[in-house]
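Asker: Take a look at this one; I'll ask things after.
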Amino acid sequence: MLTLPELGLYFSFLLFLVGLAGVMFRKNILFMMLSVEILLNAANLAFVCASKLTGTMDGQVVMFFVMAVAACEAAIGLALIIALYRTKASIEADDLKALRG
Amino acid sequence: MVSMISQWILSLLIFFPLLGAVLIGLVKDNQTARHLAVAVSVLELIFSLHLVAHFNADSAAMQFAQDLAWLPRGTGIRYTVGVDGISLLLVMLTTVLCPLVFVSSYSSIESNVKSFLALFLILESAMIGALVSLDLVLFYVFWEAMLIPMYFIIGVWGGKDRIYATTKFFIYTVIGSLLMLVAFSYLYYLHYQQNGVFTTSIIELYKTAAGLPADTQLWLFTATAVAFAIKVPLFPFHTWLPDAHVQAPTPGSVILAGVLLKMGTYGLMRMSIPMFPEGAHRAAPVMLALSVIGIVYGALIAWRQTDIKKLVAYSSVSHLGFVVAGLFAFNELGYTGALYQMVNHGVSTGALFLLIGVVYERRHTREMSEYGGLAKQMPWYAFFFLVATMGSVALPGTGGFIGEWLILNGVFQTYPAMATVAGTGVILGAIYMLWLVLKVIWGPLKNEENKKLLDCSPREAFVLATLSIFVFLTGFLSAPLLAHTEPTMKRLQESVVNKAAYKTELVIHGRSQEPLKVMMDH
Amino acid sequence: MNYQAMLAAILLIPLLGALLNGFLLRSAPRVVTVSVATLAIFIPFIFSCLLFFGPVNAGEVVRTDLFNWISVPFQGGHLDIPFALTVDRLSAILLLIITGVGSLIHLYAGEYMSHEEGVYRFFAYLNLFVFSMLSLVLGANMVVTFLGWEGVGVCSYLLIGYWYSDEANARAGMKAFIANRVGDLGFLLAMFMSVKLFGTVDYSKIAAALTNELAANNAPMITAIGLCLLLGVTGKSAQLPLYIWLPDAMAGPTPVSALIHAATMVTSGIYLMTRMSFLLVHSHTAMTTIAVIGACTALFAATIGLVQNDIKKVLAYSTVSQLGFMVLGCGVGAFQFGVAHLMTHAFFKALLFLGAGSVIHAMHHEQDIRKMGGLIKKMPITGWTFVIGTLAIIGFPGLSGFFSKDEILYNAWTGPFGHPLLWALGAGAAACTSFYMVRLTYLVFFGESRVEHAHGHHGHGHDHHHHHEIHENPLAMTLPLMILALLSIVGGYVSMPHAIMHTLGVHANENIITEWLSPVLASAKEVMSAGHGEEGHGSASLEWGLMGASTLVMLIMSGFALSLYKVGPKGGDSIANAVGGLYRLILDKWRIDELYQGVIIEPLKKVGDAFFKFGDRALIEGIINEGPRGIYLVTSVLSDVQSGLVRNYLKVVFIAMVALCAWILI
């Protein structure tokens, strides 16, 4: 029978796949942002569970850093989306192709 | 005091125009900026007179040298500058032409005046820097730095197809530069392999490079020679030149023909030939053949042009063919002639481009058929035009004659047949230049618009008269001028004939360099 | 004043005159311009006389080095070319001709150009020309000579195109310059070969270095030098195949034709050959080629002269023909008589040109001899001096042309490189000369007047002066004519044939010109006599015979011309109609110009166009532009990967990660 931390690890893998799929297939930048958050939280879950399994605190410490970074990222990301919306009147990712070769 | 100046003079010459460019940025008014640019370039000319006054004509060494730490010690890359017989004349040519160009730009440049002046001063810095650098990296930096202002000068102030022309110019030159960079890097590595230390000192690398196996030398020679041949430009790398010349604004054309093209031949003379004498010997027949083809080819095409500027541009291809031919004759006559011809071509072709600029400003066309009979309306203009033409066709009494005579004589001593074919360039030169004169200066004054043309303004007349005087001065004072180059030419000949390393040394005037190092480090 | 300074002054005063007139005196009154210009030639003339009768007469060679001109290291030593002047007996003769005849022509030109605006330009060019011509003959080495050699070419270019508003004039000047340039290449190559062979271009040093052994060991090179010099000579002295520029050069003002295209510049080829005689005689091939070219030119040009109707064109072809005589003289080894003919020709041809100019001036720029006639009554001085000139050129016994021409013809037969065939060509040319000169003189000055009084004022920027009456020109124009006429009569006595000398009881070994030039030609003589045993194989009886023959031919042809043209210019039509095609061919100057145009100029133009179109634009530009285009095609496919969509990039990252994991795990 799986222990809770192990289950958490499998769940974090599933969560990561969900986030990855969201980033890869959603076209709305807002949803892409949300997917990125899911990715980060999947990573957080993995850190916490791994910490529990190994019996060290490192993972939980890193989780707090990641949450802080995630908060910053969300703030900057939303600000960028708003700025983009103002100039382009769209938050569709496919409309942003300036890097096309 | 004098030795102190001598020690710093080259750095001053390199960085003073740069300072001028900064000052131009601070000035508000266009007219003030123009005056300032002229003042800076005239001061620069005065500074450069110090070189002539204190140059030791009996020595082939690198004089007025300065050797300072630049990049971290392990790389062996230093700030080394110096002047010998080869670069002295070309530095003087640059400092003489630049003020004249600035004076002429009063009327030819109307928009973005300050940027133009600043870029031009940066260009002057880079040109002088490239001419006096004795460190490969330093040379390369200045070499590339010349490209950027010229790119903008053609691209911003040029004619209708300026973007095409300037891009072509840039790409051609950069391709050559990259080849050169590869060759230099390999040489840098080889030197490390042999000696265990890194250096980019040209003087040191002369010794390493001359000892390389013949095949390696040939490869390295080819890579550098192609880079320089593009700049010259040697047939068949010349097609960027007519476009660049036609599109460039008058001051740009003048400095392009007057100095920038000479960088290619200077490079051959400073790097390719003395560094890789064995390779140069192997490649000489090809280089000579290309230059002789270029002479005839350029001349025949020039004859058939209807755009005045294009005609003069192709005449440059022909004339520079003479210079390269002289370099690969491998005797002192050829080298001296080539060096002298670089100067003369700068003066007479510079004058021709200025003359084209004078009528272009008035009529905004460069088609030959639009002109004709200008002698009646513009007698002084006609006079200057004739003088420039005579300089260009190498009439005895002008500097061009001494140059061409020495070159052809030098080539004849080693390759009589080549010299004979090249000699037909003298005839063809007369044909296309006199054709130009016939169509522009002589004949009836038919075009109504030409009947209102004004003769040269005092400012134009001043510039053209100065160049005309130089056309004749170089024609008669060649002995004292060439005396400065003689030891260098002898040294070059020794190295090339014996396929041995080119020997030269730095002569640092005045105090030892230690305190200066401290100053630089702080 | 010492002689060195005098020599420098001779050269520099005309230059000073040119600069004064060209820059400072642009707006000065005409009289100042003319006086400055004339004095700038006349003062050197005085100095030249002092030199001629002083040190040169005493056999000295005066040399002065003005400054070091070119100095380069060469083959371990040094190639030094000073700007050095030297005057010996050869250059002294030319000095006198250039400055003497030059002064007269300047004087004449002052009057001739009196209706022109802005004559400062004309006189500046003219003085500059004299400067160049003087440096040509005074140069102590080939490079200084070359300075003059090309300098006279430029001045000639400027003066032919003096009335540049007519493009044809400017084109004629350009043609002259380019034809000369072709020759100049020959001169250049000759210099390079001298440097290669002797390591110097100084005449005296070459002469010292050229030993018989050296010449024998380098025979091909010596021949090549000779032939290259000949190429230079054919350009400057208007010989076949480069003579085409001289007839067109008549577009210039007539004093220019007299000074440059008759008396001085065109004879510089003869000067050069005489100067280099010591070298030329080493090569039999070169000498023979020179002689053949000279003889052929003499005859060829004379045939064209037979049918021309422009007074100056006739004289132009006559000049080409007479230059052929001089070259022939040099080619057969009789350099001194080439020089003698140069001198007498300078007198009588300058006279004829100035006379023609006088007529043209009086007729307001009419040059067609069919519209003249009977002018001798209105212009007696011009007319009678012209007659003297004609008699001199056709070799009427006792006048200058007789002596100099007969010596050349005699040597063409008997000289070291002579051959009876060369004599025959020369005699034929002399026969033609008699015909066309008598025809010209008769049609212009005698017979009925065919002057159209009502013809309009065309011409070159002339003001509208309304005196239609033709009358003699002022003294400034007739005085030079009279002086030259006198010289044309007596000038030939310097080259009096031996036969006549013996008959007259003159007990000198050689005639004056041979004696005078003997120092210059000594080494050439030595070589020639060594190569041919005894110099010449002539005799007094042969000399008398040839003289008689040519005199007879001259008389017959002159009589023939007189009898044909006494009815006016139509007199020759019967013959012309009889040989219609040939006549038209000769009238069109054998269509040599068209030949050159079609065979050389047009193909070269086509080549230039092809180079531009196919070489530059299609081939090189093609490679330059198409090469990158190929690269572009490849990269544009690849660049689609770079879609600019973040999602796609992520997909790539994902696939890559899966692949990486798979690779690590498996």
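In the structure tokens, chains take the letters A, B, ... in the order shown, each chain's residues start at 1, and ligands count up from 1 in the order shown.
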List as a PyMOL selection string the protein and nucleic acid residues near Leu138 (chain B), meaning an atom at most 9 Å away when only C-alpha atoms are counted, but skip any in the same chain fewer than 6 places from it.
Answerer: chain B and resi 77-81+129-130+200
Asker: Store the residues picked out above in a file with N, CA, C and O atoms, as an mmCIF file, in the first residue's frame.
Answerer:
```cif
data_model
loop_
_atom_site.group_PDB
_atom_site.id
_atom_site.type_symbol
_atom_site.label_atom_id
_atom_site.label_comp_id
_atom_site.auth_asym_id
_atom_site.auth_seq_id
_atom_site.Cartn_x
_atom_site.Cartn_y
_atom_site.Cartn_z
ATOM 1 N N ILE B 77 47.411 40.582 -25.845
ATOM 2 C CA ILE B 77 46.834 41.629 -26.685
ATOM 3 C C ILE B 77 47.148 42.980 -26.054
ATOM 4 O O ILE B 77 46.776 43.236 -24.908
ATOM 5 N N ARG B 78 47.871 43.815 -26.785
ATOM 6 C CA ARG B 78 48.322 45.081 -26.223
ATOM 7 C C ARG B 78 47.923 46.247 -27.111
ATOM 8 O O ARG B 78 47.514 46.051 -28.257
ATOM 9 N N TYR B 79 48.029 47.414 -26.537
ATOM 10 C CA TYR B 79 47.804 48.620 -27.332
ATOM 11 C C TYR B 79 49.159 49.054 -27.876
ATOM 12 O O TYR B 79 49.948 49.665 -27.175
ATOM 13 N N THR B 80 49.458 48.657 -29.102
ATOM 14 C CA THR B 80 50.753 48.989 -29.695
ATOM 15 C C THR B 80 50.515 49.793 -30.966
ATOM 16 O O THR B 80 49.805 49.330 -31.864
ATOM 17 N N VAL B 81 51.110 50.974 -31.010
ATOM 18 C CA VAL B 81 50.989 51.773 -32.230
ATOM 19 C C VAL B 81 52.366 52.270 -32.626
ATOM 20 O O VAL B 81 53.267 52.377 -31.789
ATOM 21 N N GLY B 129 43.706 54.980 -36.740
ATOM 22 C CA GLY B 129 43.985 53.855 -35.873
ATOM 23 C C GLY B 129 44.431 52.637 -36.658
ATOM 24 O O GLY B 129 45.427 51.990 -36.327
ATOM 25 N N ALA B 130 43.710 52.336 -37.729
ATOM 26 C CA ALA B 130 44.065 51.157 -38.518
ATOM 27 C C ALA B 130 45.448 51.324 -39.137
ATOM 28 O O ALA B 130 46.194 50.358 -39.274
ATOM 29 N N THR B 200 49.689 39.060 -29.965
ATOM 30 C CA THR B 200 49.091 39.553 -31.201
ATOM 31 C C THR B 200 49.939 40.664 -31.780
ATOM 32 O O THR B 200 49.502 41.369 -32.678
#
```
Asker: Find the residues of chain C in contact range of chain B, meaning any atom within 7 Å when counting only C-alpha atoms, and list them as a PyMOL selection string.
Answerer: chain C and resi 68-74+147+150+164-167+170+174+178+181-182+185+192+196+605+608-609+611-612+616
Asker: Write the residues of the selection above to a file with N, CA, C and O atoms, as a tab-separated table (two decimals), in the first residue's frame.
Answerer:
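Everything below was put into part_38.tsv:
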```
chain	number	residue	atom	x	y	z
C	68	ASN	N	66.55	66.93	-57.38
C	68	ASN	CA	66.43	65.49	-57.44
C	68	ASN	C	64.96	65.15	-57.59
C	68	ASN	O	64.14	65.50	-56.77
C	69	TRP	N	64.63	64.47	-58.66
C	69	TRP	CA	63.21	64.30	-58.99
C	69	TRP	C	62.69	62.97	-58.46
C	69	TRP	O	61.79	62.93	-57.63
C	70	ILE	N	63.26	61.90	-58.96
C	70	ILE	CA	62.83	60.58	-58.50
C	70	ILE	C	64.06	59.87	-57.97
C	70	ILE	O	65.12	59.93	-58.58
C	71	SER	N	63.91	59.27	-56.81
C	71	SER	CA	65.04	58.58	-56.23
C	71	SER	C	64.52	57.38	-55.46
C	71	SER	O	63.86	57.54	-54.46
C	72	VAL	N	64.78	56.21	-55.99
C	72	VAL	CA	64.30	55.00	-55.31
C	72	VAL	C	65.42	53.98	-55.23
C	72	VAL	O	66.27	53.93	-56.12
C	73	PRO	N	65.41	53.19	-54.15
C	73	PRO	CA	66.39	52.10	-54.09
C	73	PRO	C	66.05	51.09	-55.17
C	73	PRO	O	64.89	50.88	-55.49
C	74	PHE	N	67.09	50.52	-55.75
C	74	PHE	CA	66.84	49.58	-56.84
C	74	PHE	C	68.01	48.63	-56.97
C	74	PHE	O	69.14	49.07	-57.15
C	147	LEU	N	58.67	64.00	-69.75
C	147	LEU	CA	57.84	65.07	-69.20
C	147	LEU	C	57.44	66.04	-70.32
C	147	LEU	O	56.28	66.41	-70.47
C	150	GLU	N	55.11	64.22	-73.09
C	150	GLU	CA	53.67	64.20	-72.81
C	150	GLU	C	53.14	65.62	-72.60
C	150	GLU	O	51.98	65.88	-72.89
C	164	TYR	N	36.65	75.17	-78.13
C	164	TYR	CA	36.02	73.94	-77.68
C	164	TYR	C	34.51	73.94	-77.85
C	164	TYR	O	33.87	72.91	-77.72
C	165	SER	N	33.92	75.11	-78.12
C	165	SER	CA	32.46	75.14	-78.24
C	165	SER	C	31.98	74.27	-79.38
C	165	SER	O	30.84	73.85	-79.40
C	166	ASP	N	32.85	74.04	-80.35
C	166	ASP	CA	32.53	73.08	-81.40
C	166	ASP	C	33.10	71.74	-80.96
C	166	ASP	O	34.31	71.60	-80.81
C	167	GLU	N	32.23	70.77	-80.76
C	167	GLU	CA	32.72	69.53	-80.19
C	167	GLU	C	33.72	68.84	-81.11
C	167	GLU	O	34.60	68.12	-80.64
C	170	ALA	N	37.17	69.73	-80.07
C	170	ALA	CA	37.58	69.05	-78.85
C	170	ALA	C	37.87	67.58	-79.13
C	170	ALA	O	38.81	66.99	-78.59
C	174	MET	N	41.27	65.39	-78.57
C	174	MET	CA	41.27	64.12	-77.85
C	174	MET	C	41.92	63.03	-78.68
C	174	MET	O	42.72	62.23	-78.18
C	178	ILE	N	45.18	60.81	-77.64
C	178	ILE	CA	45.14	59.35	-77.48
C	178	ILE	C	46.11	58.67	-78.43
C	178	ILE	O	46.82	57.74	-78.05
C	181	ARG	N	49.27	58.96	-76.95
C	181	ARG	CA	49.43	58.08	-75.79
C	181	ARG	C	49.86	56.68	-76.20
C	181	ARG	O	50.61	56.02	-75.51
C	182	VAL	N	49.32	56.23	-77.34
C	182	VAL	CA	49.72	54.91	-77.82
C	182	VAL	C	51.23	54.90	-78.04
C	182	VAL	O	51.94	53.98	-77.62
C	185	LEU	N	53.28	54.86	-74.83
C	185	LEU	CA	53.49	53.55	-74.20
C	185	LEU	C	54.80	52.95	-74.70
C	185	LEU	O	55.56	52.37	-73.93
C	192	PHE	N	61.73	51.47	-69.61
C	192	PHE	CA	61.82	50.34	-68.68
C	192	PHE	C	62.92	49.39	-69.12
C	192	PHE	O	63.65	48.84	-68.29
C	196	LYS	N	66.26	48.18	-67.21
C	196	LYS	CA	66.59	46.77	-67.04
C	196	LYS	C	68.01	46.48	-67.55
C	196	LYS	O	68.77	45.78	-66.91
C	605	LYS	N	34.80	49.12	-77.70
C	605	LYS	CA	33.60	49.59	-77.02
C	605	LYS	C	32.69	48.41	-76.70
C	605	LYS	O	32.12	48.31	-75.62
C	608	GLY	N	33.97	46.55	-73.84
C	608	GLY	CA	33.66	47.26	-72.60
C	608	GLY	C	32.23	47.03	-72.18
C	608	GLY	O	31.94	46.73	-71.02
C	609	ASP	N	31.31	47.13	-73.16
C	609	ASP	CA	29.90	46.88	-72.84
C	609	ASP	C	29.70	45.46	-72.34
C	609	ASP	O	28.97	45.24	-71.38
C	611	PHE	N	31.88	43.45	-70.97
C	611	PHE	CA	32.43	43.30	-69.63
C	611	PHE	C	31.44	43.78	-68.60
C	611	PHE	O	31.22	43.16	-67.56
C	612	PHE	N	30.83	44.93	-68.90
C	612	PHE	CA	29.91	45.50	-67.93
C	612	PHE	C	28.67	44.63	-67.78
C	612	PHE	O	28.24	44.29	-66.69
C	616	ASP	N	30.37	42.02	-65.18
C	616	ASP	CA	30.03	42.60	-63.89
C	616	ASP	C	28.62	42.27	-63.47
C	616	ASP	O	28.38	41.74	-62.40
```
Asker: Return the neighbours of chain C among the residues of chain A, cut-off 6 Å, counting only C-alpha atoms, as an MDAnalysis selection string.
Answerer: chainID A and resid 24 97 99:101
Asker: Go ahead and compute the interatomic distance for CA of Met557 (chain C) and CA of Ala350 (chain C), in Å to one decimal.
Answerer: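 One can read the CA of Met557 (chain C) to CA of Ala350 (chain C) distance as 23.5 Å.
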Asker: Tell me, which residues of region 47-270 of chain B carry DSSP strand (DSSP E or B), written as a list in words?
Answerer: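 Matching residues for strand (DSSP E or B) in region 47-270 of chain B are Met62, Gln63, Phe64, Ala65, Gln66, Asp67, Leu68, Ala69, Arg78, Tyr79, Thr80, Val81, Gly82, Val83, Ser133, Asp135 and Ser201 of chain B.
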Asker: Write the residues of the preceding selection, restricted to N, CA, C and O atoms, as a tab-separated table (two decimals), in the first residue's frame.
Answerer:
```
chain	number	residue	atom	x	y	z
B	62	MET	N	59.57	51.30	-36.38
B	62	MET	CA	58.25	51.86	-36.08
B	62	MET	C	58.46	53.01	-35.12
B	62	MET	O	58.78	52.80	-33.95
B	63	GLN	N	58.28	54.21	-35.63
B	63	GLN	CA	58.60	55.37	-34.82
B	63	GLN	C	57.36	55.92	-34.11
B	63	GLN	O	56.26	55.51	-34.42
B	64	PHE	N	57.62	56.83	-33.18
B	64	PHE	CA	56.55	57.42	-32.37
B	64	PHE	C	55.74	56.32	-31.70
B	64	PHE	O	54.54	56.43	-31.52
B	65	ALA	N	56.42	55.21	-31.36
B	65	ALA	CA	55.68	54.04	-30.93
B	65	ALA	C	55.20	54.21	-29.50
B	65	ALA	O	55.74	54.98	-28.71
B	66	GLN	N	54.16	53.50	-29.20
B	66	GLN	CA	53.63	53.44	-27.86
B	66	GLN	C	53.14	52.02	-27.65
B	66	GLN	O	52.52	51.44	-28.54
B	67	ASP	N	53.50	51.45	-26.49
B	67	ASP	CA	53.17	50.05	-26.26
B	67	ASP	C	52.63	49.93	-24.85
B	67	ASP	O	53.38	49.94	-23.88
B	68	LEU	N	51.33	49.86	-24.73
B	68	LEU	CA	50.72	49.87	-23.40
B	68	LEU	C	49.92	48.59	-23.19
B	68	LEU	O	49.48	47.95	-24.14
B	69	ALA	N	49.74	48.26	-21.88
B	69	ALA	CA	48.90	47.12	-21.57
B	69	ALA	C	47.47	47.46	-21.95
B	69	ALA	O	47.02	48.60	-21.80
B	78	ARG	N	47.87	43.82	-26.78
B	78	ARG	CA	48.32	45.08	-26.22
B	78	ARG	C	47.92	46.25	-27.11
B	78	ARG	O	47.51	46.05	-28.26
B	79	TYR	N	48.03	47.41	-26.54
B	79	TYR	CA	47.80	48.62	-27.33
B	79	TYR	C	49.16	49.05	-27.88
B	79	TYR	O	49.95	49.67	-27.17
B	80	THR	N	49.46	48.66	-29.10
B	80	THR	CA	50.75	48.99	-29.69
B	80	THR	C	50.52	49.79	-30.97
B	80	THR	O	49.80	49.33	-31.86
B	81	VAL	N	51.11	50.97	-31.01
B	81	VAL	CA	50.99	51.77	-32.23
B	81	VAL	C	52.37	52.27	-32.63
B	81	VAL	O	53.27	52.38	-31.79
B	82	GLY	N	52.54	52.56	-33.89
B	82	GLY	CA	53.81	53.08	-34.40
B	82	GLY	C	53.66	53.42	-35.87
B	82	GLY	O	52.72	52.98	-36.53
B	83	VAL	N	54.60	54.21	-36.35
B	83	VAL	CA	54.53	54.67	-37.73
B	83	VAL	C	55.86	54.38	-38.41
B	83	VAL	O	56.91	54.63	-37.84
B	133	SER	N	48.16	50.92	-36.12
B	133	SER	CA	48.13	49.78	-35.20
B	133	SER	C	49.24	48.80	-35.50
B	133	SER	O	49.50	48.49	-36.66
B	135	ASP	N	49.21	45.92	-33.55
B	135	ASP	CA	48.71	44.77	-32.83
B	135	ASP	C	47.52	44.27	-33.63
B	135	ASP	O	46.66	45.05	-34.03
B	201	SER	N	51.16	40.81	-31.26
B	201	SER	CA	52.04	41.85	-31.78
B	201	SER	C	52.43	41.54	-33.22
B	201	SER	O	52.92	40.44	-33.51
```
Asker: What lies within 7 Å of Val343 (chain B) using only C-alpha atoms, ignoring chain neighbours under 3 positions off, as JSON, numbers by chain?
Answerer: {"B": [90, 93, 339, 340, 346, 347]}
Asker: Counting only C-alpha atoms, what is within 12 Å of Ser51 (chain A), bar same-chain residues fewer than 6 positions away, as a list in words?
Answerer: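 My list of contacting residues is Pro5, Glu6, Gly8, Leu9, Asn44, Leu45, Met57, Asp58, Gly59, Gln60, Val61, Val62 and Met63 of chain A.
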Asker: Can you pull out the residues contacting Gly159 (chain B)? Cut-off 10 Å, using only C-alpha atoms, and skip same-chain residues under 2 positions away; I want them as a ChimeraX atom specification.
Answerer: /B:154-157,161-163,165,244-249
Asker: Taking the chain letters and numbering used in this document, name the residues of chain A that DSSP puts in alpha helix (DSSP H), as a PyMOL selection string.
Answerer: chain A and resi 4-25+29-54+58-88
Asker: Could you list, as a list in words, every residue within 8 Å of Leu352 (chain B), counting only C-alpha atoms and ignoring same-chain residues fewer than 2 positions away?
Answerer: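 The neighbour list is Val312, Ser348, Thr349, Gly350, Leu354, Leu355, Ile356, Phe385, Ala388 and Thr389 of chain B.
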Asker: Please write the residues from the selection above to a file, keeping N, CA, C and O atoms, as a PDB file, in the first residue's frame.
Answerer:
```pdb
ATOM      1  N   VAL B 312      34.103  57.250 -62.742  1.00  0.00           N
ATOM      2  CA  VAL B 312      35.260  57.459 -61.860  1.00  0.00           C
ATOM      3  C   VAL B 312      35.442  56.256 -60.936  1.00  0.00           C
ATOM      4  O   VAL B 312      36.572  55.871 -60.615  1.00  0.00           O
ATOM      5  N   SER B 348      43.951  62.734 -56.580  1.00  0.00           N
ATOM      6  CA  SER B 348      43.309  63.093 -57.853  1.00  0.00           C
ATOM      7  C   SER B 348      41.882  62.557 -57.916  1.00  0.00           C
ATOM      8  O   SER B 348      40.990  63.252 -58.404  1.00  0.00           O
ATOM      9  N   THR B 349      41.656  61.349 -57.421  1.00  0.00           N
ATOM     10  CA  THR B 349      40.291  60.837 -57.464  1.00  0.00           C
ATOM     11  C   THR B 349      39.423  61.550 -56.444  1.00  0.00           C
ATOM     12  O   THR B 349      38.247  61.819 -56.707  1.00  0.00           O
ATOM     13  N   GLY B 350      40.020  61.898 -55.297  1.00  0.00           N
ATOM     14  CA  GLY B 350      39.281  62.709 -54.339  1.00  0.00           C
ATOM     15  C   GLY B 350      38.826  64.000 -54.995  1.00  0.00           C
ATOM     16  O   GLY B 350      37.663  64.404 -54.877  1.00  0.00           O
ATOM     17  N   LEU B 354      34.998  65.378 -55.693  1.00  0.00           N
ATOM     18  CA  LEU B 354      34.555  66.698 -55.248  1.00  0.00           C
ATOM     19  C   LEU B 354      33.992  67.488 -56.421  1.00  0.00           C
ATOM     20  O   LEU B 354      32.975  68.176 -56.306  1.00  0.00           O
ATOM     21  N   LEU B 355      34.672  67.364 -57.573  1.00  0.00           N
ATOM     22  CA  LEU B 355      34.208  68.096 -58.756  1.00  0.00           C
ATOM     23  C   LEU B 355      32.834  67.608 -59.194  1.00  0.00           C
ATOM     24  O   LEU B 355      31.970  68.405 -59.567  1.00  0.00           O
ATOM     25  N   ILE B 356      32.644  66.301 -59.141  1.00  0.00           N
ATOM     26  CA  ILE B 356      31.324  65.777 -59.490  1.00  0.00           C
ATOM     27  C   ILE B 356      30.294  66.318 -58.507  1.00  0.00           C
ATOM     28  O   ILE B 356      29.194  66.715 -58.893  1.00  0.00           O
ATOM     29  N   PHE B 385      38.944  70.707 -63.165  1.00  0.00           N
ATOM     30  CA  PHE B 385      38.590  69.411 -63.738  1.00  0.00           C
ATOM     31  C   PHE B 385      39.752  68.882 -64.577  1.00  0.00           C
ATOM     32  O   PHE B 385      40.106  67.704 -64.511  1.00  0.00           O
ATOM     33  N   ALA B 388      42.612  67.696 -62.341  1.00  0.00           N
ATOM     34  CA  ALA B 388      42.332  66.384 -61.742  1.00  0.00           C
ATOM     35  C   ALA B 388      42.445  65.291 -62.794  1.00  0.00           C
ATOM     36  O   ALA B 388      42.961  64.200 -62.532  1.00  0.00           O
ATOM     37  N   THR B 389      41.972  65.602 -64.008  1.00  0.00           N
ATOM     38  CA  THR B 389      42.067  64.624 -65.081  1.00  0.00           C
ATOM     39  C   THR B 389      43.517  64.298 -65.396  1.00  0.00           C
ATOM     40  O   THR B 389      43.904  63.136 -65.535  1.00  0.00           O
TER      41      THR B 389
END
```
Asker: Just how far from CA of Phe53 (chain C) is CA of Leu11 (chain C), in Å to one decimal?
Answerer: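 Result for CA of Leu11 (chain C) versus CA of Phe53 (chain C): 18.2 Å, one decimal.
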Asker: Which value, in Å to one decimal, gives the distance between CA of His281 (chain B) and CA of Glu505 (chain B)?
Answerer: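 CA of Glu505 (chain B) lies 24.3 Å from CA of His281 (chain B).
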Asker: Quick one: residues within 6 Å of region 125-135 of chain C, only C-alpha atoms counted, chain neighbours fewer than 3 positions away excluded, as a ChimeraX atom specification?
Answerer: /C:11,14-15,18,122,138-139,148,151-152,155
Asker: Given the selection you just returned, output its residues as a file containing N, CA, C and O atoms, formatted as a short mmCIF file (atom, residue, chain, number, x, y, z; two decimals), in the first residue's frame.
Answerer:
```cif
data_model
loop_
_atom_site.label_atom_id
_atom_site.label_comp_id
_atom_site.auth_asym_id
_atom_site.auth_seq_id
_atom_site.Cartn_x
_atom_site.Cartn_y
_atom_site.Cartn_z
N LEU C 11 64.48 77.35 -69.70
CA LEU C 11 63.35 76.45 -69.46
C LEU C 11 62.24 77.13 -68.66
O LEU C 11 61.06 76.97 -68.94
N PRO C 14 59.53 80.51 -70.01
CA PRO C 14 58.21 80.24 -70.63
C PRO C 14 57.17 79.73 -69.63
O PRO C 14 55.99 80.09 -69.72
N LEU C 15 57.63 78.95 -68.66
CA LEU C 15 56.69 78.47 -67.64
C LEU C 15 56.14 79.65 -66.84
O LEU C 15 54.94 79.75 -66.58
N ALA C 18 53.63 81.37 -68.83
CA ALA C 18 52.35 80.65 -68.83
C ALA C 18 51.59 80.92 -67.54
O ALA C 18 50.39 81.18 -67.56
N PHE C 122 44.88 81.26 -74.59
CA PHE C 122 45.66 80.83 -75.74
C PHE C 122 47.15 80.99 -75.49
O PHE C 122 47.95 80.08 -75.71
N LEU C 138 65.80 69.53 -73.80
CA LEU C 138 66.90 69.80 -72.88
C LEU C 138 67.10 68.69 -71.86
O LEU C 138 68.12 68.64 -71.18
N GLY C 139 66.12 67.81 -71.73
CA GLY C 139 66.20 66.78 -70.71
C GLY C 139 67.47 65.96 -70.85
O GLY C 139 67.83 65.53 -71.94
N GLY C 148 58.45 66.43 -71.11
CA GLY C 148 58.15 67.31 -72.23
C GLY C 148 57.33 66.60 -73.28
O GLY C 148 56.41 67.17 -73.87
N GLY C 151 54.00 66.49 -72.09
CA GLY C 151 53.58 67.88 -71.89
C GLY C 151 53.16 68.52 -73.20
O GLY C 151 52.12 69.16 -73.28
N VAL C 152 53.98 68.33 -74.25
CA VAL C 152 53.58 68.91 -75.54
C VAL C 152 52.30 68.28 -76.03
O VAL C 152 51.47 68.93 -76.67
N CYS C 155 49.49 70.11 -74.25
CA CYS C 155 49.30 71.46 -74.78
C CYS C 155 48.69 71.39 -76.15
O CYS C 155 47.82 72.20 -76.51
#
```
